[in-house]
file input-v2.pdb (PDB, C-alpha atoms)
ATOM      1  CA  MET A   1      64.971  73.832  96.459  1.00  0.00           C
ATOM      2  CA  ILE A   2      67.661  76.516  96.123  1.00  0.00           C
ATOM      3  CA  ARG A   3      70.083  76.652  99.052  1.00  0.00           C
ATOM      4  CA  THR A   4      72.170  79.736  99.754  1.00  0.00           C
ATOM      5  CA  GLY A   5      74.969  80.769 102.068  1.00  0.00           C
ATOM      6  CA  TYR A   6      77.596  83.459 102.416  1.00  0.00           C
ATOM      7  CA  ALA A   7      80.803  84.257 104.244  1.00  0.00           C
ATOM      8  CA  THR A   8      82.721  87.457 104.824  1.00  0.00           C
ATOM      9  CA  ARG A   9      85.502  88.732 107.035  1.00  0.00           C
ATOM     10  CA  GLU A  10      87.313  91.974 107.688  1.00  0.00           C
ATOM     11  CA  GLY A  11      90.312  92.438 105.427  1.00  0.00           C
ATOM     12  CA  THR A  12      93.677  94.070 105.970  1.00  0.00           C
ATOM     13  CA  ALA A  13      92.303  97.576 106.501  1.00  0.00           C
ATOM     14  CA  ALA A  14      90.505  98.882 109.568  1.00  0.00           C
ATOM     15  CA  ASP A  15      86.994  98.152 108.310  1.00  0.00           C
ATOM     16  CA  ASN A  16      85.082  95.851 105.989  1.00  0.00           C
ATOM     17  CA  ALA A  17      84.251  97.750 102.821  1.00  0.00           C
ATOM     18  CA  ASP A  18      82.619  94.698 101.210  1.00  0.00           C
ATOM     19  CA  ALA A  19      79.084  93.410 101.660  1.00  0.00           C
ATOM     20  CA  CYS A  20      76.828  90.595 100.496  1.00  0.00           C
ATOM     21  CA  LYS A  21      73.084  90.003 100.482  1.00  0.00           C
ATOM     22  CA  VAL A  22      70.758  87.146  99.561  1.00  0.00           C
ATOM     23  CA  TYR A  23      67.082  87.911  99.002  1.00  0.00           C
ATOM     24  CA  VAL A  24      64.526  85.118  98.439  1.00  0.00           C
ATOM     25  CA  LEU A  25      60.994  85.505  97.090  1.00  0.00           C
ATOM     26  CA  SER A  26      58.028  83.435  98.264  1.00  0.00           C
ATOM     27  CA  ASP A  27      58.397  81.204  95.176  1.00  0.00           C
ATOM     28  CA  SER A  28      62.067  80.510  96.111  1.00  0.00           C
ATOM     29  CA  THR A  29      63.518  82.725  93.379  1.00  0.00           C
ATOM     30  CA  VAL A  30      66.870  84.043  94.631  1.00  0.00           C
ATOM     31  CA  GLY A  31      68.592  87.354  94.069  1.00  0.00           C
ATOM     32  CA  ALA A  32      72.106  87.604  95.472  1.00  0.00           C
ATOM     33  CA  ALA A  33      74.801  90.256  95.291  1.00  0.00           C
ATOM     34  CA  VAL A  34      78.366  90.924  96.392  1.00  0.00           C
ATOM     35  CA  ILE A  35      79.702  94.475  96.504  1.00  0.00           C
ATOM     36  CA  ASP A  36      83.423  95.212  96.831  1.00  0.00           C
ATOM     37  CA  GLY A  37      84.005  98.769  97.964  1.00  0.00           C
ATOM     38  CA  ILE A  38      86.836 100.692  96.329  1.00  0.00           C
ATOM     39  CA  GLY A  39      89.043 102.067  99.066  1.00  0.00           C
ATOM     40  CA  HIS A  40      88.170 102.312 102.748  1.00  0.00           C
ATOM     41  CA  GLY A  41      86.492 105.008 104.729  1.00  0.00           C
ATOM     42  CA  PRO A  42      83.167 106.006 106.246  1.00  0.00           C
ATOM     43  CA  HIS A  43      81.393 106.546 102.937  1.00  0.00           C
ATOM     44  CA  THR A  44      82.444 103.207 101.449  1.00  0.00           C
ATOM     45  CA  SER A  45      81.798 101.121 104.557  1.00  0.00           C
ATOM     46  CA  ALA A  46      78.386 102.663 105.147  1.00  0.00           C
ATOM     47  CA  THR A  47      77.283 102.504 101.513  1.00  0.00           C
ATOM     48  CA  ALA A  48      78.350  98.939 100.603  1.00  0.00           C
ATOM     49  CA  PRO A  49      75.479  97.246 102.529  1.00  0.00           C
ATOM     50  CA  LEU A  50      72.972  99.611 100.899  1.00  0.00           C
ATOM     51  CA  LEU A  51      74.328  98.758  97.449  1.00  0.00           C
ATOM     52  CA  THR A  52      74.073  95.008  98.068  1.00  0.00           C
ATOM     53  CA  GLU A  53      70.548  95.315  99.442  1.00  0.00           C
ATOM     54  CA  THR A  54      69.513  97.296  96.368  1.00  0.00           C
ATOM     55  CA  ALA A  55      71.252  94.972  93.916  1.00  0.00           C
ATOM     56  CA  ALA A  56      69.822  91.780  95.449  1.00  0.00           C
ATOM     57  CA  ARG A  57      66.235  93.073  95.783  1.00  0.00           C
ATOM     58  CA  VAL A  58      66.093  94.537  92.258  1.00  0.00           C
ATOM     59  CA  THR A  59      67.807  91.455  90.804  1.00  0.00           C
ATOM     60  CA  VAL A  60      65.208  89.055  92.186  1.00  0.00           C
ATOM     61  CA  HIS A  61      62.398  91.049  90.490  1.00  0.00           C
ATOM     62  CA  ARG A  62      64.032  92.501  87.367  1.00  0.00           C
ATOM     63  CA  GLY A  63      67.191  90.477  86.718  1.00  0.00           C
ATOM     64  CA  ALA A  64      70.890  90.799  87.483  1.00  0.00           C
ATOM     65  CA  LEU A  65      71.631  93.541  84.951  1.00  0.00           C
ATOM     66  CA  ALA A  66      68.904  95.749  86.413  1.00  0.00           C
ATOM     67  CA  GLY A  67      70.159  94.948  89.914  1.00  0.00           C
ATOM     68  CA  ILE A  68      73.725  96.019  89.227  1.00  0.00           C
ATOM     69  CA  LEU A  69      72.717  99.178  87.368  1.00  0.00           C
ATOM     70  CA  SER A  70      70.226 100.169  90.080  1.00  0.00           C
ATOM     71  CA  ALA A  71      72.949  99.877  92.713  1.00  0.00           C
ATOM     72  CA  GLY A  72      75.182 102.002  90.491  1.00  0.00           C
ATOM     73  CA  LEU A  73      72.588 104.771  90.335  1.00  0.00           C
ATOM     74  CA  LEU A  74      72.909 105.236  94.093  1.00  0.00           C
ATOM     75  CA  ILE A  75      76.516 106.369  93.666  1.00  0.00           C
ATOM     76  CA  ALA A  76      76.425 107.847  90.164  1.00  0.00           C
ATOM     77  CA  ASP A  77      76.963 111.315  91.597  1.00  0.00           C
ATOM     78  CA  ASP A  78      79.878 112.314  93.835  1.00  0.00           C
ATOM     79  CA  GLY A  79      77.558 113.942  96.343  1.00  0.00           C
ATOM     80  CA  HIS A  80      77.718 117.455  97.739  1.00  0.00           C
ATOM     81  CA  ASP A  81      81.039 116.751  99.469  1.00  0.00           C
ATOM     82  CA  GLY A  82      82.627 115.037  96.465  1.00  0.00           C
ATOM     83  CA  GLU A  83      83.431 111.936  98.493  1.00  0.00           C
ATOM     84  CA  GLU A  84      80.688 109.483  97.566  1.00  0.00           C
ATOM     85  CA  ALA A  85      81.687 105.815  97.657  1.00  0.00           C
ATOM     86  CA  ASN A  86      82.542 103.730  94.623  1.00  0.00           C
ATOM     87  CA  ALA A  87      82.578  99.990  94.230  1.00  0.00           C
ATOM     88  CA  VAL A  88      82.530  97.003  91.914  1.00  0.00           C
ATOM     89  CA  GLY A  89      79.950  94.268  92.197  1.00  0.00           C
ATOM     90  CA  VAL A  90      78.269  91.106  90.986  1.00  0.00           C
ATOM     91  CA  ALA A  91      74.660  89.916  91.169  1.00  0.00           C
ATOM     92  CA  VAL A  92      72.873  86.720  90.180  1.00  0.00           C
ATOM     93  CA  LEU A  93      69.257  85.710  89.656  1.00  0.00           C
ATOM     94  CA  VAL A  94      68.580  82.021  90.326  1.00  0.00           C
ATOM     95  CA  ASP A  95      65.215  80.414  89.617  1.00  0.00           C
ATOM     96  CA  GLU A  96      63.767  77.241  88.123  1.00  0.00           C
ATOM     97  CA  HIS A  97      65.183  78.205  84.714  1.00  0.00           C
ATOM     98  CA  GLY A  98      68.797  78.507  85.875  1.00  0.00           C
ATOM     99  CA  ALA A  99      71.157  81.307  86.847  1.00  0.00           C
ATOM    100  CA  ARG A 100      72.065  84.565  85.107  1.00  0.00           C
ATOM    101  CA  ALA A 101      74.709  86.852  86.541  1.00  0.00           C
ATOM    102  CA  ALA A 102      75.903  90.387  85.833  1.00  0.00           C
ATOM    103  CA  TRP A 103      79.127  91.959  87.043  1.00  0.00           C
ATOM    104  CA  VAL A 104      81.113  95.167  86.986  1.00  0.00           C
ATOM    105  CA  GLY A 105      84.849  95.344  87.689  1.00  0.00           C
ATOM    106  CA  ASP A 106      86.853  92.469  89.150  1.00  0.00           C
ATOM    107  CA  CYS A 107      84.220  90.603  91.130  1.00  0.00           C
ATOM    108  CA  ASP A 108      83.821  86.961  90.130  1.00  0.00           C
ATOM    109  CA  VAL A 109      81.133  84.545  88.990  1.00  0.00           C
ATOM    110  CA  LEU A 110      82.250  80.929  89.430  1.00  0.00           C
ATOM    111  CA  GLY A 111      80.391  77.726  88.656  1.00  0.00           C
ATOM    112  CA  TRP A 112      80.942  74.280  90.193  1.00  0.00           C
ATOM    113  CA  ASP A 113      79.556  71.246  88.366  1.00  0.00           C
ATOM    114  CA  GLY A 114      80.773  68.676  90.874  1.00  0.00           C
ATOM    115  CA  GLY A 115      84.064  68.068  89.091  1.00  0.00           C
ATOM    116  CA  ARG A 116      85.506  71.377  87.996  1.00  0.00           C
ATOM    117  CA  LEU A 117      85.409  75.003  89.050  1.00  0.00           C
ATOM    118  CA  ARG A 118      84.988  77.457  86.162  1.00  0.00           C
ATOM    119  CA  ARG A 119      85.341  81.224  86.103  1.00  0.00           C
ATOM    120  CA  TYR A 120      82.625  82.850  83.988  1.00  0.00           C
ATOM    121  CA  SER A 121      83.516  86.509  84.482  1.00  0.00           C
ATOM    122  CA  PRO A 122      86.613  87.944  82.792  1.00  0.00           C
ATOM    123  CA  PRO A 123      87.749  90.723  85.152  1.00  0.00           C
ATOM    124  CA  GLN A 124      87.186  94.238  83.845  1.00  0.00           C
ATOM    125  CA  VAL A 125      90.700  95.423  84.701  1.00  0.00           C
ATOM    126  CA  MET A 126      93.378  97.080  82.596  1.00  0.00           C
ATOM    127  CA  GLY A 127      95.636  94.024  82.933  1.00  0.00           C
ATOM    128  CA  GLU A 128      93.087  91.871  81.128  1.00  0.00           C
ATOM    129  CA  TRP A 129      92.781  94.469  78.384  1.00  0.00           C
ATOM    130  CA  VAL A 130      96.591  94.627  77.994  1.00  0.00           C
ATOM    131  CA  ARG A 131      96.763  90.802  77.666  1.00  0.00           C
ATOM    132  CA  GLN A 132      94.538  90.958  74.592  1.00  0.00           C
ATOM    133  CA  TYR A 133      97.279  92.850  72.767  1.00  0.00           C
ATOM    134  CA  GLY A 134     100.086  90.422  73.503  1.00  0.00           C
ATOM    135  CA  PRO A 135     102.563  92.058  75.930  1.00  0.00           C
ATOM    136  CA  PRO A 136     104.378  89.686  78.296  1.00  0.00           C
ATOM    137  CA  VAL A 137     102.274  88.338  81.157  1.00  0.00           C
ATOM    138  CA  GLU A 138     104.458  89.985  83.792  1.00  0.00           C
ATOM    139  CA  ILE A 139     103.819  93.424  82.233  1.00  0.00           C
ATOM    140  CA  ALA A 140     100.049  92.897  82.118  1.00  0.00           C
ATOM    141  CA  ALA A 141     100.037  91.786  85.764  1.00  0.00           C
ATOM    142  CA  HIS A 142     101.151  95.271  86.834  1.00  0.00           C
ATOM    143  CA  TYR A 143      97.774  96.593  85.664  1.00  0.00           C
ATOM    144  CA  ASP A 144      95.491  94.024  87.324  1.00  0.00           C
ATOM    145  CA  ASP A 145      94.606  96.423  90.152  1.00  0.00           C
ATOM    146  CA  TRP A 146      93.428  99.087  87.709  1.00  0.00           C
ATOM    147  CA  VAL A 147      89.650  98.629  87.419  1.00  0.00           C
ATOM    148  CA  ARG A 148      88.291  99.769  84.070  1.00  0.00           C
ATOM    149  CA  VAL A 149      84.579  99.756  84.998  1.00  0.00           C
ATOM    150  CA  SER A 150      82.984 100.508  88.369  1.00  0.00           C
ATOM    151  CA  LEU A 151      79.428 100.901  89.635  1.00  0.00           C
ATOM    152  CA  HIS A 152      79.830 104.692  89.622  1.00  0.00           C
ATOM    153  CA  SER A 153      79.861 104.753  85.818  1.00  0.00           C
ATOM    154  CA  ALA A 154      78.425 101.357  84.782  1.00  0.00           C
ATOM    155  CA  THR A 155      76.092 101.201  81.777  1.00  0.00           C
ATOM    156  CA  VAL A 156      74.278  98.434  79.936  1.00  0.00           C
ATOM    157  CA  ALA A 157      77.145  98.300  77.434  1.00  0.00           C
ATOM    158  CA  THR A 158      79.899  98.027  80.068  1.00  0.00           C
ATOM    159  CA  THR A 159      78.263  95.492  82.393  1.00  0.00           C
ATOM    160  CA  GLY A 160      79.160  91.842  81.835  1.00  0.00           C
ATOM    161  CA  GLU A 161      76.403  89.217  81.726  1.00  0.00           C
ATOM    162  CA  VAL A 162      76.554  85.437  81.664  1.00  0.00           C
ATOM    163  CA  ASP A 163      74.305  82.398  82.034  1.00  0.00           C
ATOM    164  CA  THR A 164      75.800  79.823  84.387  1.00  0.00           C
ATOM    165  CA  PRO A 165      74.649  76.235  83.774  1.00  0.00           C
ATOM    166  CA  ASP A 166      76.317  74.736  86.856  1.00  0.00           C
ATOM    167  CA  PRO A 167      74.267  73.639  89.892  1.00  0.00           C
ATOM    168  CA  VAL A 168      76.495  75.666  92.229  1.00  0.00           C
ATOM    169  CA  VAL A 169      77.100  79.376  91.581  1.00  0.00           C
ATOM    170  CA  ILE A 170      79.694  81.275  93.627  1.00  0.00           C
ATOM    171  CA  LEU A 171      79.974  85.067  93.763  1.00  0.00           C
ATOM    172  CA  LEU A 172      83.262  86.549  94.991  1.00  0.00           C
ATOM    173  CA  SER A 173      84.964  89.861  95.590  1.00  0.00           C
ATOM    174  CA  ASP A 174      88.537  90.143  94.297  1.00  0.00           C
ATOM    175  CA  GLY A 175      90.064  89.016  97.623  1.00  0.00           C
ATOM    176  CA  PRO A 176      89.790  85.247  97.073  1.00  0.00           C
ATOM    177  CA  HIS A 177      91.136  85.171  93.528  1.00  0.00           C
ATOM    178  CA  ASP A 178      94.072  87.342  94.613  1.00  0.00           C
ATOM    179  CA  GLN A 179      94.978  85.211  97.633  1.00  0.00           C
ATOM    180  CA  VAL A 180      93.423  81.730  97.467  1.00  0.00           C
ATOM    181  CA  PRO A 181      95.118  79.132  95.203  1.00  0.00           C
ATOM    182  CA  ALA A 182      92.912  77.462  92.579  1.00  0.00           C
ATOM    183  CA  ASP A 183      93.219  74.003  94.167  1.00  0.00           C
ATOM    184  CA  VAL A 184      92.083  75.370  97.537  1.00  0.00           C
ATOM    185  CA  MET A 185      89.098  77.038  95.875  1.00  0.00           C
ATOM    186  CA  GLU A 186      88.174  73.716  94.266  1.00  0.00           C
ATOM    187  CA  ASP A 187      88.424  71.930  97.620  1.00  0.00           C
ATOM    188  CA  LEU A 188      86.127  74.526  99.201  1.00  0.00           C
ATOM    189  CA  ALA A 189      83.610  74.126  96.365  1.00  0.00           C
ATOM    190  CA  ARG A 190      83.759  70.335  96.679  1.00  0.00           C
ATOM    191  CA  THR A 191      83.260  70.338 100.459  1.00  0.00           C
ATOM    192  CA  PRO A 192      81.870  73.726 101.546  1.00  0.00           C
ATOM    193  CA  PRO A 193      82.333  74.547 105.233  1.00  0.00           C
ATOM    194  CA  ARG A 194      79.233  74.080 107.343  1.00  0.00           C
ATOM    195  CA  PRO A 195      78.031  76.935 109.581  1.00  0.00           C
ATOM    196  CA  PRO A 196      78.366  76.242 113.318  1.00  0.00           C
ATOM    197  CA  GLY A 197      75.375  74.361 114.665  1.00  0.00           C
ATOM    198  CA  SER A 198      73.994  73.405 111.259  1.00  0.00           C
ATOM    199  CA  PRO A 199      72.465  69.905 110.964  1.00  0.00           C
ATOM    200  CA  THR A 200      74.338  67.095 109.236  1.00  0.00           C
ATOM    201  CA  PRO A 201      72.574  66.058 106.000  1.00  0.00           C
TER     202      PRO A 201
END

call {"tool": "encode", "arguments": {"input": "input-v2.pdb", "output": "structure tokens"}}
result
Amino acid sequence: MIRTGYATREGTAADNADACKVYVLSDSTVGAAVIDGIGHGPHTSATAPLLTETAARVTVHRGALAGILSAGLLIADDGHDGEEANAVGVAVLVDEHGARAAWVGDCDVLGWDGGRLRRYSPPQVMGEWVRQYGPPVEIAAHYDDWVRVSLHSATVATTGEVDTPDPVVILLSDGPHDQVPADVMEDLARTPPRPPGSPTP
């Protein structure tokens, strides 16, 4: 049996521009997605749930790459007012064969094997690109907020994909890896919080 759960909260701005969705087929195949809206405003906040719904539902039938790219098609044009939303995102398909994820931008795919937490998704940000060419770490860090690939322009060639062999797969927006220390993340993976009113196993 595949168990799922999610958590979200409003960030530092006036609204929550992120969204998540889990969609489960009758055979227990799972498609899940996290969308992290770029910026805040009525377009982003309203569109993020639509993007996650699209990504999760397409993922569960056609795979994570198709899920991410389908969500991207919804915002591939700026719209008649030139203010269409943009976002980054991650999706995963989980079935009896394992888990395969696809991501765009700086969303994360983590795996927990019971003893260690591993990051499978190098962030698609300019800072990561700069690090490949050897400048000091402190210089590269100045570019970590500069996303190189977003859903608006994602293609097959620019979307990351990875198989995750771990029994626990965690999808994240960029908020946790910016603010939550690695040891705290490991503690949360080791003993995930239980929703209020849930039964004790």

call {"tool": "atom_distance", "arguments": {"input": "input-v2.pdb", "atom1": "CA of Pro122 (chain A)", "atom2": "CA of Thr191 (chain A)"}}
result
25.2 Å

call {"tool": "atom_distance", "arguments": {"input": "input-v2.pdb", "atom1": "CA of Leu51 (chain A)", "atom2": "CA of Val90 (chain A)"}}
result
10.8 Å

call {"tool": "atom_distance", "arguments": {"input": "input-v2.pdb", "atom1": "CA of Tyr23 (chain A)", "atom2": "CA of Thr59 (chain A)"}}
result
9.0 Å

call {"tool": "residues_near_point", "arguments": {"input": "input-v2.pdb", "point": "(76.1, 94.2, 95.8)", "cutoff": "9 Å", "atoms": "all atoms listed in the file", "output": "list in words"}}
result
Asp18, Ala19, Cys20, Lys21, Ala32, Ala33, Val34, Ile35, Asp36, Ala48, Pro49, Leu50, Leu51, Thr52, Glu53, Thr54, Ala55, Ala56, Gly67, Ile68, Ala71, Ala87, Val88, Gly89, Val90 and Ala91 of chain A

call {"tool": "residues_around", "arguments": {"input": "input-v2.pdb", "residues": "region 115-119 of chain A", "least_positions_apart": "2", "cutoff": "12 Å", "atoms": "all atoms listed in the file", "output": "PyMOL selection string"}}
result
chain A and resi 106-113+121-123+162-172+177+182-191

call {"tool": "closest_residue", "arguments": {"input": "input-v2.pdb", "among": "A:Ala17, A:Val30, A:Val60, A:Val92", "to": "Ser45 (chain A)", "atoms": "only C-alpha atoms"}}
result
A:Ala17

call {"tool": "closest_residue", "arguments": {"input": "input-v2.pdb", "among": "A:Ala66, A:Ala102, A:Val180, A:Leu74", "to": "Tyr120 (chain A)", "atoms": "all atoms listed in the file"}}
result
A:Ala102

call {"tool": "resolve_selection", "arguments": {"input": "input-v2.pdb", "expression": "the PyMOL selection byres ((chain A and resi 150) around 12)", "output": "PyMOL selection string"}}
result
chain A and resi 35-38+68-69+71-73+75-76+85-90+103-107+123-125+146-149+151-155+158-160

call {"tool": "write_last_selection", "arguments": {"input": "input-v2.pdb", "atoms": "C-alpha atoms", "output": "PDB file, in the coordinates of the input"}}
result
ATOM      1  CA  ILE A  35      79.702  94.475  96.504  1.00  0.00           C
ATOM      2  CA  ASP A  36      83.423  95.212  96.831  1.00  0.00           C
ATOM      3  CA  GLY A  37      84.005  98.769  97.964  1.00  0.00           C
ATOM      4  CA  ILE A  38      86.836 100.692  96.329  1.00  0.00           C
ATOM      5  CA  ILE A  68      73.725  96.019  89.227  1.00  0.00           C
ATOM      6  CA  LEU A  69      72.717  99.178  87.368  1.00  0.00           C
ATOM      7  CA  ALA A  71      72.949  99.877  92.713  1.00  0.00           C
ATOM      8  CA  GLY A  72      75.182 102.002  90.491  1.00  0.00           C
ATOM      9  CA  LEU A  73      72.588 104.771  90.335  1.00  0.00           C
ATOM     10  CA  ILE A  75      76.516 106.369  93.666  1.00  0.00           C
ATOM     11  CA  ALA A  76      76.425 107.847  90.164  1.00  0.00           C
ATOM     12  CA  ALA A  85      81.687 105.815  97.657  1.00  0.00           C
ATOM     13  CA  ASN A  86      82.542 103.730  94.623  1.00  0.00           C
ATOM     14  CA  ALA A  87      82.578  99.990  94.230  1.00  0.00           C
ATOM     15  CA  VAL A  88      82.530  97.003  91.914  1.00  0.00           C
ATOM     16  CA  GLY A  89      79.950  94.268  92.197  1.00  0.00           C
ATOM     17  CA  VAL A  90      78.269  91.106  90.986  1.00  0.00           C
ATOM     18  CA  TRP A 103      79.127  91.959  87.043  1.00  0.00           C
ATOM     19  CA  VAL A 104      81.113  95.167  86.986  1.00  0.00           C
ATOM     20  CA  GLY A 105      84.849  95.344  87.689  1.00  0.00           C
ATOM     21  CA  ASP A 106      86.853  92.469  89.150  1.00  0.00           C
ATOM     22  CA  CYS A 107      84.220  90.603  91.130  1.00  0.00           C
ATOM     23  CA  PRO A 123      87.749  90.723  85.152  1.00  0.00           C
ATOM     24  CA  GLN A 124      87.186  94.238  83.845  1.00  0.00           C
ATOM     25  CA  VAL A 125      90.700  95.423  84.701  1.00  0.00           C
ATOM     26  CA  TRP A 146      93.428  99.087  87.709  1.00  0.00           C
ATOM     27  CA  VAL A 147      89.650  98.629  87.419  1.00  0.00           C
ATOM     28  CA  ARG A 148      88.291  99.769  84.070  1.00  0.00           C
ATOM     29  CA  VAL A 149      84.579  99.756  84.998  1.00  0.00           C
ATOM     30  CA  LEU A 151      79.428 100.901  89.635  1.00  0.00           C
ATOM     31  CA  HIS A 152      79.830 104.692  89.622  1.00  0.00           C
ATOM     32  CA  SER A 153      79.861 104.753  85.818  1.00  0.00           C
ATOM     33  CA  ALA A 154      78.425 101.357  84.782  1.00  0.00           C
ATOM     34  CA  THR A 155      76.092 101.201  81.777  1.00  0.00           C
ATOM     35  CA  THR A 158      79.899  98.027  80.068  1.00  0.00           C
ATOM     36  CA  THR A 159      78.263  95.492  82.393  1.00  0.00           C
ATOM     37  CA  GLY A 160      79.160  91.842  81.835  1.00  0.00           C
TER      38      GLY A 160
END

call {"tool": "closest_residue", "arguments": {"input": "input-v2.pdb", "among": "A:Ser173, A:Glu84, A:Ser26, A:Ser70", "to": "Pro42 (chain A)", "atoms": "all atoms listed in the file"}}
result
A:Glu84

call {"tool": "closest_residue", "arguments": {"input": "input-v2.pdb", "among": "A:Leu93, A:Val58, A:Ala101, A:Ala64", "to": "Gly31 (chain A)", "atoms": "all atoms listed in the file"}}
result
A:Leu93

call {"tool": "axis_aligned_box", "arguments": {"input": "input-v2.pdb", "around": "region 41-55 of chain A", "padding_each_side": "6 Å", "output": "lines of an AutoDock Vina configuration file"}}
result
center_x = 78.0
center_y = 100.8
center_z = 100.1
size_x = 29.0
size_y = 23.6
size_z = 24.3
